[in-house]
Amino acid sequence: MATGKKILYIVLLVIAVSALPAQDLESLKSARPVSITGNIGLNTSFYHMSEPTIPVRQTPFAYGVNANATLSVYGISMPFSFTWYSNEKAGFRQPFNQFGISPTYKWLTVHLGYRNLSFSEFTLNGHTFLGAGVEARPGKFRLGAMYGKFNQYSDYNLAVADSIPRMTRSGWAWKAGYGTDSRFVDISMLRIGDNPKNFVDSLAKLNYPTPAQNVVFGLTSKFSITPELLFHFDGSVSVFTANRKIETPDSTAQGMLRFADNFITVNHTSGAYKAIKTGLSYRFAPNIASGIEYRRIDPHFQSMGSYFFNNDMELVTLNQTVALLENKINLRGSLGLQHDNLDGAKKNTSHRVVGSLNGGYTPNQSWAFDASYSNFSTNQRAFKTAGSDSLKIYQVNHNLSFTPRFMKMTEAYSHMVMLNLNLMKLDDKNKLTEEQTDTDTRIAMLMYNLGLQRLRLNITTGLNYTEMTNKNFRNRLTGVTMNVAKSFLDDKLSLNWNSAILANNMNDTKGTILNTALNANYHFLSRHALQVNINVINNSYGESSTIPSFNEIRGDIGYVFSF
């Protein structure tokens with residue numbers, strides 16, 4: 001194992017060193033050797049609350065300075081920022097401590113520093129690492145390799161409840177394949193492990209993470225069986241050892257576990273798990289396509305090269321797309337059946353029906369209609385106590401929306417009217433729990449926008465209605481919104497006024513909410529700008545209401561110089 005890791009690291013280092021000058025050959029002729037851009041700003045803010053009935057949310061007066069700069073060296077950007085406020089501690093940030101570069105020359109790309117790569121969904125898939133990597137596409141060959149750290153060590157702190165202990169986690173991965181983006185076969189492998197050097201055995205009794213190891217083998221492919229029939233496949237086997245410090249080997253290991261013992265420690269904490277995603281799609285015509293997809297991920301399947309997997313699930317999905325009337329009508333639908341408890345280890349099994357239907361109709365350039373419906377259900381019963389309905393979960397989530405809109409544009413003006421209607425319903429089929437969980441939500445929004453290009457004026461008004469009800473709760477919110485934006489002085493000065501008045505009725509407790517804001521920006525002398533923001537909030541409820549009333553005003557004035 002150590003020899004293989006050293007060889008991979010040396011190969012990556014040699015390729016990286018030899019490829020670095022190649023970056024200059026393509027782009028350095030036109031790139032500036034060194035440049036710096038950014039801005040520096042001065043800001044002051046004020047805050048006032050009359051008759052405070054809630055905690056004050058900001059200091060009455062504050063001032064500060066902030067700066068942002070990006071240093072560019074031959075096309076490589078290094079951003080820095082600095083912030084200081086009178087009511088806060090100074091802060092300096094330079095994302096350069098997670099800096100990475102990926103120079104490319106023709107078919108070769110080298111990755112150095114903090115990078116992330118994806119070889120397949122179930123092996124290396126977007127996890128950030130600190131190290132070196134290479135991707136090469138000579139002709140139809142698809143090659144890739146990397147080596148690096150996936151976690152940095154952090155001390156265990158038993159006195160801090162939220163302390164997250166971590167061991168140094170490092171590893172390597174490679175991919176080899178042949179083909180094009182639409183027709184290929186790839187094999188990939190990943191091997192990552194925790195360094196047990198700083199792990200204390202006694203911490204295992206406190207449920208702290210133990211030093212683990214993981215090796216994953218993957219096969220990914222996509223190709224056309226016929227010009228109309230497309231097949232795709234992505235499958236992996238992951239061998240995961242939860243505690244590599246247990247040196248007693250698993251003498252009964254067979255099959256994949258025995259093979260994995262060539263790369264990681266295999267003991268009684270080891271297990272082999274599979275993940276597969278495959279499907280077929282058939283295009284009957286340019287505007288009609290059908291597909292079926294199968295997805296199964298074993299319980300406990302995981303890959304250290306990916307951040308998260310929704311495992312212990314099996315899902316079959318049917319997909320359909322149709323376009324009619326010269327693509328004026330577009331329909332998309334899917335229907336799937338999903339369940340978990342694949343190994344029977346859980347006390348219950350959940351069954352879900354996953355379905356959706358989306359449609360759009362665009363008769364002309366002015367009118368458009370969109371509609372969608374989804375019906376997601378969960379059916380779960382504890383089979384070991386099947387006679388108890390109190391343990392049964394059978395819920396259906398309905399979501400229906402309809403959005404018509406009208407748009408008219410000329411050189412002088414533009415009009416747009418849009419209506420959005422949305423109905424969401426949680427329907428609990430369990431008679432013993434439905435009174436607590438059944439919830440209906442209704443949302444309606446009507447919006448009108450007027451744009452006057454010659455006047456550089458834009459006006460938007462809207463009506464909003466939201467109602468959420470269940471057996472014990474009802475909240476209705478209705479209101480009017482308005483936004484006015486105007487530019488002056490050849491767009492050097494821009495003003496934006498935004499206001500909303502809402503009536504709130506929560507379980508027959510009535511109140512009003514007023515929120516208005518004014519923003520102004522003035523650019524002068526090409527590199528200078530002034531900014532002013534003022535915001536007023538008024539919450540008004542009755543004296544006997546448990547909801548607090550308050551008046552609040554806040555604002556800030558700033559100056560920015562760009563360089």
# chains A, B, ... in the order shown; residues from 1 in each chain; ligands from 1
>>> residues_around(residues="A:Thr441", least_positions_apart="6", cutoff="10 Å", atoms="only C-alpha atoms", output="VMD selection string")
chain A and resid 399 422 to 426 466 to 470 474 to 476
>>> closest_residue(among="A:Phe563, A:Phe473, A:Tyr541, A:Phe308", to="A:Ala503", atoms="only C-alpha atoms")
A:Tyr541
>>> select_by_dssp(residues="stretch 148-302 of chain A", states="helix (DSSP H, G or I)", output="PDB file with N, CA, C and O atoms, in the first residue's frame")
ATOM      1  N   PRO A 196      -4.353   7.301  12.415  1.00  0.00           N
ATOM      2  CA  PRO A 196      -4.677   7.011  13.820  1.00  0.00           C
ATOM      3  C   PRO A 196      -3.624   7.504  14.807  1.00  0.00           C
ATOM      4  O   PRO A 196      -3.733   7.227  16.000  1.00  0.00           O
ATOM      5  N   LYS A 197      -2.629   8.234  14.335  1.00  0.00           N
ATOM      6  CA  LYS A 197      -1.505   8.614  15.185  1.00  0.00           C
ATOM      7  C   LYS A 197      -1.956   9.355  16.434  1.00  0.00           C
ATOM      8  O   LYS A 197      -1.457   9.103  17.533  1.00  0.00           O
ATOM      9  N   ASN A 198      -2.896  10.301  16.302  1.00  0.00           N
ATOM     10  CA  ASN A 198      -3.301  11.126  17.430  1.00  0.00           C
ATOM     11  C   ASN A 198      -4.595  10.642  18.091  1.00  0.00           C
ATOM     12  O   ASN A 198      -5.177  11.357  18.913  1.00  0.00           O
ATOM     13  N   ASP A 201      -7.378   5.582  22.382  1.00  0.00           N
ATOM     14  CA  ASP A 201      -8.329   4.467  22.387  1.00  0.00           C
ATOM     15  C   ASP A 201      -9.486   4.695  23.336  1.00  0.00           C
ATOM     16  O   ASP A 201     -10.618   4.284  23.076  1.00  0.00           O
ATOM     17  N   SER A 202      -9.230   5.359  24.454  1.00  0.00           N
ATOM     18  CA  SER A 202     -10.300   5.554  25.436  1.00  0.00           C
ATOM     19  C   SER A 202     -11.424   6.431  24.902  1.00  0.00           C
ATOM     20  O   SER A 202     -12.551   6.377  25.405  1.00  0.00           O
ATOM     21  N   LEU A 203     -11.126   7.244  23.874  1.00  0.00           N
ATOM     22  CA  LEU A 203     -12.162   8.112  23.323  1.00  0.00           C
ATOM     23  C   LEU A 203     -13.236   7.327  22.580  1.00  0.00           C
ATOM     24  O   LEU A 203     -14.341   7.818  22.390  1.00  0.00           O
ATOM     25  N   ALA A 204     -12.917   6.119  22.145  1.00  0.00           N
ATOM     26  CA  ALA A 204     -13.908   5.314  21.438  1.00  0.00           C
ATOM     27  C   ALA A 204     -15.097   5.006  22.332  1.00  0.00           C
ATOM     28  O   ALA A 204     -16.235   4.875  21.856  1.00  0.00           O
ATOM     29  N   LYS A 205     -14.881   4.898  23.652  1.00  0.00           N
ATOM     30  CA  LYS A 205     -15.971   4.625  24.579  1.00  0.00           C
ATOM     31  C   LYS A 205     -16.899   5.822  24.731  1.00  0.00           C
ATOM     32  O   LYS A 205     -18.010   5.693  25.233  1.00  0.00           O
ATOM     33  N   LEU A 206     -16.424   7.006  24.343  1.00  0.00           N
ATOM     34  CA  LEU A 206     -17.232   8.230  24.438  1.00  0.00           C
ATOM     35  C   LEU A 206     -17.918   8.560  23.118  1.00  0.00           C
ATOM     36  O   LEU A 206     -18.375   9.680  22.915  1.00  0.00           O
ATOM     37  N   MET A 256     -15.159  -9.573  -2.016  1.00  0.00           N
ATOM     38  CA  MET A 256     -14.694  -8.203  -2.097  1.00  0.00           C
ATOM     39  C   MET A 256     -13.908  -7.788  -0.861  1.00  0.00           C
ATOM     40  O   MET A 256     -12.942  -7.023  -0.955  1.00  0.00           O
ATOM     41  N   LEU A 257     -14.282  -8.295   0.316  1.00  0.00           N
ATOM     42  CA  LEU A 257     -13.534  -7.945   1.524  1.00  0.00           C
ATOM     43  C   LEU A 257     -12.102  -8.466   1.433  1.00  0.00           C
ATOM     44  O   LEU A 257     -11.155  -7.786   1.834  1.00  0.00           O
ATOM     45  N   ARG A 258     -11.939  -9.665   0.951  1.00  0.00           N
ATOM     46  CA  ARG A 258     -10.588 -10.210   0.824  1.00  0.00           C
ATOM     47  C   ARG A 258      -9.782  -9.421  -0.194  1.00  0.00           C
ATOM     48  O   ARG A 258      -8.589  -9.154   0.005  1.00  0.00           O
ATOM     49  N   PHE A 259     -10.403  -9.020  -1.287  1.00  0.00           N
ATOM     50  CA  PHE A 259      -9.704  -8.219  -2.284  1.00  0.00           C
ATOM     51  C   PHE A 259      -9.339  -6.847  -1.717  1.00  0.00           C
ATOM     52  O   PHE A 259      -8.246  -6.329  -1.951  1.00  0.00           O
ATOM     53  N   ALA A 260     -10.254  -6.241  -0.943  1.00  0.00           N
ATOM     54  CA  ALA A 260      -9.998  -4.914  -0.371  1.00  0.00           C
ATOM     55  C   ALA A 260      -8.878  -4.950   0.654  1.00  0.00           C
ATOM     56  O   ALA A 260      -8.252  -3.913   0.933  1.00  0.00           O
TER      57      ALA A 260
END
>>> residues_around(residues="A:Leu489", least_positions_apart="4", cutoff="10 Å", atoms="only C-alpha atoms", output="list in words")
Leu493, Ser494, Tyr522 and His523 of chain A
>>> write_last_selection(atoms="C-alpha atoms", output="PDB file, in the first residue's frame")
ATOM      1  CA  LEU A 493     -27.650  58.613  -9.674  1.00  0.00           C
ATOM      2  CA  SER A 494     -30.110  55.801  -8.952  1.00  0.00           C
ATOM      3  CA  TYR A 522     -24.384  58.229  -6.725  1.00  0.00           C
ATOM      4  CA  HIS A 523     -21.296  57.550  -8.864  1.00  0.00           C
TER       5      HIS A 523
END
>>> residues_around(residues="A:Thr516", least_positions_apart="5", cutoff="10 Å", atoms="only C-alpha atoms", output="list in words")
Thr481, Met482, Asn483, Trp497, Asn498, Ser499, Ala500, Ile501, Ile534, Asn535, Val536, Ile537, Asn538 and Ile553 of chain A
